[in-house]
file protein_26.pdb (PDB, C-alpha atoms)
ATOM      1  CA  MET A   1      -6.053 -17.033 -12.780
ATOM      2  CA  SER A   2      -5.704 -17.141  -9.005
ATOM      3  CA  ASN A   3      -8.047 -15.132  -6.861
ATOM      4  CA  TYR A   4      -5.980 -12.494  -5.084
ATOM      5  CA  LYS A   5      -9.251 -10.884  -3.943
ATOM      6  CA  ASN A   6      -9.433 -13.450  -1.141
ATOM      7  CA  LEU A   7      -6.254 -12.029   0.400
ATOM      8  CA  ILE A   8      -7.178  -9.754   3.309
ATOM      9  CA  ALA A   9      -3.948  -7.806   2.698
ATOM     10  CA  TRP A  10      -5.150  -7.017  -0.818
ATOM     11  CA  GLN A  11      -8.637  -6.071   0.402
ATOM     12  CA  LYS A  12      -7.284  -3.638   2.998
ATOM     13  CA  SER A  13      -4.712  -2.076   0.654
ATOM     14  CA  HIS A  14      -7.402  -1.705  -2.025
ATOM     15  CA  GLU A  15      -9.545   0.129   0.524
ATOM     16  CA  MET A  16      -6.562   2.347   1.375
ATOM     17  CA  ALA A  17      -5.948   3.185  -2.292
ATOM     18  CA  LEU A  18      -9.605   4.149  -2.761
ATOM     19  CA  CYS A  19      -9.437   6.341   0.344
ATOM     20  CA  VAL A  20      -6.260   8.121  -0.806
ATOM     21  CA  TYR A  21      -7.717   8.703  -4.265
ATOM     22  CA  ARG A  22     -10.871  10.254  -2.794
ATOM     23  CA  ILE A  23      -8.975  12.475  -0.370
ATOM     24  CA  SER A  24      -6.431  13.609  -2.962
ATOM     25  CA  GLU A  25      -9.263  14.858  -5.206
ATOM     26  CA  ASN A  26      -9.282  17.887  -2.912
ATOM     27  CA  PHE A  27      -5.606  18.707  -3.431
ATOM     28  CA  PRO A  28      -4.929  21.901  -5.400
ATOM     29  CA  LYS A  29      -5.079  21.501  -9.183
ATOM     30  CA  LYS A  30      -1.500  22.793  -9.410
ATOM     31  CA  GLU A  31      -0.439  19.531  -7.686
ATOM     32  CA  MET A  32      -2.002  17.254 -10.324
ATOM     33  CA  PHE A  33       1.437  16.345 -11.706
ATOM     34  CA  GLY A  34       3.209  16.679  -8.366
ATOM     35  CA  LEU A  35       2.043  15.470  -4.982
ATOM     36  CA  THR A  36      -1.353  14.238  -6.191
ATOM     37  CA  SER A  37       0.222  12.027  -8.829
ATOM     38  CA  GLN A  38       2.952  10.813  -6.473
ATOM     39  CA  ILE A  39       0.687   9.802  -3.593
ATOM     40  CA  ARG A  40      -1.755   8.117  -5.964
ATOM     41  CA  ARG A  41       0.987   6.086  -7.638
ATOM     42  CA  ALA A  42       2.405   5.073  -4.254
ATOM     43  CA  CYS A  43      -0.906   3.933  -2.759
ATOM     44  CA  LEU A  44      -2.003   2.135  -5.916
ATOM     45  CA  SER A  45       1.324   0.330  -6.085
ATOM     46  CA  VAL A  46       0.488  -1.565  -2.886
ATOM     47  CA  PRO A  47      -2.512  -3.597  -4.112
ATOM     48  CA  THR A  48      -1.156  -3.902  -7.654
ATOM     49  CA  ASN A  49       2.099  -5.439  -6.420
ATOM     50  CA  ILE A  50       0.132  -7.884  -4.281
ATOM     51  CA  VAL A  51      -1.848  -8.877  -7.381
ATOM     52  CA  GLU A  52       1.202  -9.243  -9.577
ATOM     53  CA  GLY A  53       3.193 -11.180  -6.991
ATOM     54  CA  TYR A  54       0.291 -13.447  -6.137
ATOM     55  CA  ASN A  55      -0.037 -14.481  -9.745
ATOM     56  CA  ARG A  56       3.629 -15.408 -10.067
ATOM     57  CA  LYS A  57       4.503 -19.078  -9.875
ATOM     58  CA  ARG A  58       7.203 -18.928  -7.213
ATOM     59  CA  LYS A  59       6.998 -17.948  -3.547
ATOM     60  CA  LYS A  60      10.282 -16.079  -3.831
ATOM     61  CA  GLU A  61       8.831 -13.842  -6.554
ATOM     62  CA  PHE A  62       5.717 -13.252  -4.464
ATOM     63  CA  ALA A  63       7.918 -12.234  -1.523
ATOM     64  CA  HIS A  64       9.778  -9.789  -3.793
ATOM     65  CA  PHE A  65       6.523  -8.104  -4.821
ATOM     66  CA  LEU A  66       5.409  -7.955  -1.193
ATOM     67  CA  ASP A  67       8.673  -6.122  -0.426
ATOM     68  CA  ILE A  68       7.848  -3.583  -3.124
ATOM     69  CA  ALA A  69       4.315  -3.220  -1.739
ATOM     70  CA  LEU A  70       5.737  -2.536   1.734
ATOM     71  CA  GLY A  71       8.021   0.148   0.298
ATOM     72  CA  SER A  72       5.098   1.782  -1.469
ATOM     73  CA  LEU A  73       3.116   1.654   1.749
ATOM     74  CA  ALA A  74       5.878   3.561   3.545
ATOM     75  CA  GLU A  75       5.926   6.093   0.703
ATOM     76  CA  THR A  76       2.155   6.550   0.999
ATOM     77  CA  GLN A  77       2.493   7.147   4.719
ATOM     78  CA  TYR A  78       5.206   9.772   4.264
ATOM     79  CA  LEU A  79       3.396  11.579   1.462
ATOM     80  CA  SER A  80       0.192  11.772   3.484
ATOM     81  CA  LYS A  81       2.134  13.281   6.414
ATOM     82  CA  PHE A  82       3.696  15.734   3.979
ATOM     83  CA  ALA A  83       0.246  16.659   2.635
ATOM     84  CA  VAL A  84      -0.894  17.472   6.175
ATOM     85  CA  ALA A  85       2.245  19.519   6.844
ATOM     86  CA  ILE A  86       1.621  21.760   3.836
ATOM     87  CA  GLY A  87      -2.099  22.049   4.501
ATOM     88  CA  TYR A  88      -3.502  19.937   1.669
ATOM     89  CA  MET A  89      -5.012  17.339   3.979
ATOM     90  CA  GLY A  90      -6.667  17.553   7.381
ATOM     91  CA  ASN A  91      -5.858  15.510  10.457
ATOM     92  CA  ASP A  92      -9.072  13.467  10.192
ATOM     93  CA  ASP A  93      -8.152  12.369   6.661
ATOM     94  CA  MET A  94      -4.628  11.639   7.839
ATOM     95  CA  ARG A  95      -5.974   9.427  10.641
ATOM     96  CA  LYS A  96      -8.087   7.456   8.155
ATOM     97  CA  ILE A  97      -5.105   6.888   5.893
ATOM     98  CA  ARG A  98      -2.766   6.080   8.792
ATOM     99  CA  GLU A  99      -5.217   3.497  10.101
ATOM    100  CA  LEU A 100      -5.447   1.811   6.699
ATOM    101  CA  VAL A 101      -1.676   1.999   6.193
ATOM    102  CA  ASP A 102      -1.065   0.410   9.606
ATOM    103  CA  GLU A 103      -3.589  -2.368   9.007
ATOM    104  CA  SER A 104      -2.240  -3.010   5.509
ATOM    105  CA  GLY A 105       1.310  -3.111   6.817
ATOM    106  CA  LYS A 106       0.509  -5.669   9.508
ATOM    107  CA  LEU A 107      -1.310  -7.832   6.988
ATOM    108  CA  LEU A 108       1.518  -7.593   4.457
ATOM    109  CA  TRP A 109       4.127  -8.528   7.072
ATOM    110  CA  GLY A 110       1.998 -11.471   8.160
ATOM    111  CA  LEU A 111       1.530 -12.585   4.574
ATOM    112  CA  GLN A 112       5.241 -12.351   3.917
ATOM    113  CA  LYS A 113       6.054 -14.340   7.072
ATOM    114  CA  SER A 114       3.589 -17.036   6.045
ATOM    115  CA  GLN A 115       5.411 -17.411   2.720
ATOM    116  CA  PHE A 116       8.796 -17.825   4.389
ATOM    117  CA  PRO A 117       8.492 -19.138   7.948
ATOM    118  CA  PRO A 118      11.805 -19.089   9.879
ATOM    119  CA  SER A 119      12.162 -22.887   9.549
ATOM    120  CA  ALA A 120      12.101 -22.573   5.738
ATOM    121  CA  LEU A 121      15.072 -20.204   5.849
ATOM    122  CA  SER A 122      17.329 -22.548   7.837
ATOM    123  CA  LEU A 123      20.157 -24.306   6.034
TER     124      LEU A 123
END

call {"tool": "encode", "arguments": {"input": "protein_26.pdb", "output": "structure tokens"}}
result
Amino acid sequence: MSNYKNLIAWQKSHEMALCVYRISENFPKKEMFGLTSQIRRACLSVPTNIVEGYNRKRKKEFAHFLDIALGSLAETQYLSKFAVAIGYMGNDDMRKIRELVDESGKLLWGLQKSQFPPSALSL
């Protein structure tokens, strides 16, 4: 099996998922099946889609999974902003998550571009 762990995009998104999990432990228990579950699924979807796509045999499939990871990253960002707005998360925690989301996003975009450089898309 290929070693996705060497991908910096995976490493950073894994770090982000761990951070979100730790922070969301402090959410109210009444949110266990609501916001807590939603934000955890979204953040965990980023590294898991990188892993799944990386282990596919075709670049096009990998690119598809990177698209899904980017969508989940956007969802994580929104849900963390929402958590701040309703008082479940502080601004310091939000800054940590935002930093990791931004870094992960840049790395994912770069990884996706490296799979399909503009010259490869020309007819």

call {"tool": "atom_distance", "arguments": {"input": "protein_26.pdb", "atom1": "CA of Ile23 in chain A", "atom2": "CA of Gly53 in chain A"}}
result
27.4 Å

call {"tool": "atom_distance", "arguments": {"input": "protein_26.pdb", "atom1": "CA of Asn55 in chain A", "atom2": "CA of Ser24 in chain A"}}
result
29.6 Å

call {"tool": "closest_residue", "arguments": {"input": "protein_26.pdb", "among": "A:Tyr54, A:Glu61, A:Lys81, A:Leu66", "to": "Asn3 in chain A", "atoms": "all atoms listed in the file"}}
result
A:Tyr54

call {"tool": "resolve_selection", "arguments": {"input": "protein_26.pdb", "expression": "the PyMOL selection byres ((chain A and resi 7-10) around 10)", "output": "list in words"}}
result
Asn3, Tyr4, Lys5, Asn6, Gln11, Lys12, Ser13, His14, Glu15, Met16, Val46, Pro47, Thr48, Asn49, Ile50, Val51, Tyr54, Glu103, Ser104, Gly105, Lys106, Leu107, Leu108, Trp109, Gly110 and Leu111 of chain A

call {"tool": "write_last_selection", "arguments": {"input": "protein_26.pdb", "atoms": "C-alpha atoms", "output": "CSV table (one decimal), keeping the file's coordinate frame"}}
result
chain,number,residue,atom,x,y,z
A,3,ASN,CA,-8.0,-15.1,-6.9
A,4,TYR,CA,-6.0,-12.5,-5.1
A,5,LYS,CA,-9.3,-10.9,-3.9
A,6,ASN,CA,-9.4,-13.4,-1.1
A,11,GLN,CA,-8.6,-6.1,0.4
A,12,LYS,CA,-7.3,-3.6,3.0
A,13,SER,CA,-4.7,-2.1,0.7
A,14,HIS,CA,-7.4,-1.7,-2.0
A,15,GLU,CA,-9.5,0.1,0.5
A,16,MET,CA,-6.6,2.3,1.4
A,46,VAL,CA,0.5,-1.6,-2.9
A,47,PRO,CA,-2.5,-3.6,-4.1
A,48,THR,CA,-1.2,-3.9,-7.7
A,49,ASN,CA,2.1,-5.4,-6.4
A,50,ILE,CA,0.1,-7.9,-4.3
A,51,VAL,CA,-1.8,-8.9,-7.4
A,54,TYR,CA,0.3,-13.4,-6.1
A,103,GLU,CA,-3.6,-2.4,9.0
A,104,SER,CA,-2.2,-3.0,5.5
A,105,GLY,CA,1.3,-3.1,6.8
A,106,LYS,CA,0.5,-5.7,9.5
A,107,LEU,CA,-1.3,-7.8,7.0
A,108,LEU,CA,1.5,-7.6,4.5
A,109,TRP,CA,4.1,-8.5,7.1
A,110,GLY,CA,2.0,-11.5,8.2
A,111,LEU,CA,1.5,-12.6,4.6

call {"tool": "closest_residue", "arguments": {"input": "protein_26.pdb", "among": "A:Lys30, A:Lys60, A:Lys96, A:Arg41", "to": "Ser72 in chain A", "atoms": "all atoms listed in the file"}}
result
A:Arg41

call {"tool": "resolve_selection", "arguments": {"input": "protein_26.pdb", "expression": "the PyMOL selection byres ((chain A and resi 80) around 9)", "output": "ChimeraX atom specification"}}
result
/A:20,39,75-79,81-85,89,93-94,97-98

call {"tool": "atom_distance", "arguments": {"input": "protein_26.pdb", "atom1": "CA of Ser114 in chain A", "atom2": "CA of Lys59 in chain A"}}
result
10.2 Å

call {"tool": "closest_residue", "arguments": {"input": "protein_26.pdb", "among": "A:Ala74, A:Leu35, A:Ala17, A:Leu100", "to": "Ile86 in chain A", "atoms": "all atoms listed in the file"}}
result
A:Leu35

call {"tool": "axis_aligned_box", "arguments": {"input": "protein_26.pdb", "around": "range 86-89 of chain A", "padding_each_side": "3 Å", "output": "AutoDock Vina command-line options"}}
result
--center_x -1.7 --center_y 19.7 --center_z 3.1 --size_x 12.6 --size_y 10.7 --size_z 8.8

call {"tool": "closest_residue", "arguments": {"input": "protein_26.pdb", "among": "A:Arg40, A:Gly34, A:Glu52, A:Ala69", "to": "Tyr21 in chain A", "atoms": "only C-alpha atoms"}}
result
A:Arg40

call {"tool": "closest_residue", "arguments": {"input": "protein_26.pdb", "among": "A:Gly71, A:Tyr88, A:Leu18, A:Lys57", "to": "Thr36 in chain A", "atoms": "all atoms listed in the file"}}
result
A:Tyr88

call {"tool": "build_atoms", "arguments": {"input": "protein_26.pdb", "residues": "range 17-31 of chain A", "atoms": "N, CA and C atoms", "output": "short mmCIF file (atom, residue, chain, number, x, y, z; two decimals), in the coordinates of the input"}}
result
data_model
loop_
_atom_site.label_atom_id
_atom_site.label_comp_id
_atom_site.auth_asym_id
_atom_site.auth_seq_id
_atom_site.Cartn_x
_atom_site.Cartn_y
_atom_site.Cartn_z
N ALA A 17 -6.15 2.49 -1.02
CA ALA A 17 -5.95 3.18 -2.29
C ALA A 17 -7.19 4.00 -2.66
N LEU A 18 -8.37 3.42 -2.48
CA LEU A 18 -9.60 4.15 -2.76
C LEU A 18 -9.72 5.38 -1.87
N CYS A 19 -9.38 5.23 -0.61
CA CYS A 19 -9.44 6.34 0.34
C CYS A 19 -8.49 7.47 -0.07
N VAL A 20 -7.25 7.12 -0.40
CA VAL A 20 -6.26 8.12 -0.81
C VAL A 20 -6.71 8.83 -2.08
N TYR A 21 -7.23 8.09 -3.03
CA TYR A 21 -7.72 8.70 -4.26
C TYR A 21 -8.81 9.72 -3.97
N ARG A 22 -9.76 9.34 -3.11
CA ARG A 22 -10.87 10.25 -2.79
C ARG A 22 -10.38 11.51 -2.09
N ILE A 23 -9.49 11.33 -1.12
CA ILE A 23 -8.98 12.48 -0.37
C ILE A 23 -8.14 13.38 -1.26
N SER A 24 -7.33 12.80 -2.12
CA SER A 24 -6.43 13.61 -2.96
C SER A 24 -7.18 14.38 -4.06
N GLU A 25 -8.46 14.06 -4.27
CA GLU A 25 -9.26 14.86 -5.21
C GLU A 25 -9.36 16.31 -4.76
N ASN A 26 -9.18 16.53 -3.46
CA ASN A 26 -9.28 17.89 -2.91
C ASN A 26 -7.95 18.64 -2.90
N PHE A 27 -6.89 18.01 -3.34
CA PHE A 27 -5.61 18.71 -3.43
C PHE A 27 -5.71 19.80 -4.50
N PRO A 28 -4.89 20.84 -4.39
CA PRO A 28 -4.93 21.90 -5.40
C PRO A 28 -4.63 21.36 -6.80
N LYS A 29 -5.27 21.94 -7.79
CA LYS A 29 -5.08 21.50 -9.18
C LYS A 29 -3.62 21.63 -9.61
N LYS A 30 -2.91 22.61 -9.04
CA LYS A 30 -1.50 22.79 -9.41
C LYS A 30 -0.64 21.59 -9.01
N GLU A 31 -1.17 20.72 -8.14
CA GLU A 31 -0.44 19.53 -7.69
C GLU A 31 -0.76 18.29 -8.51
#
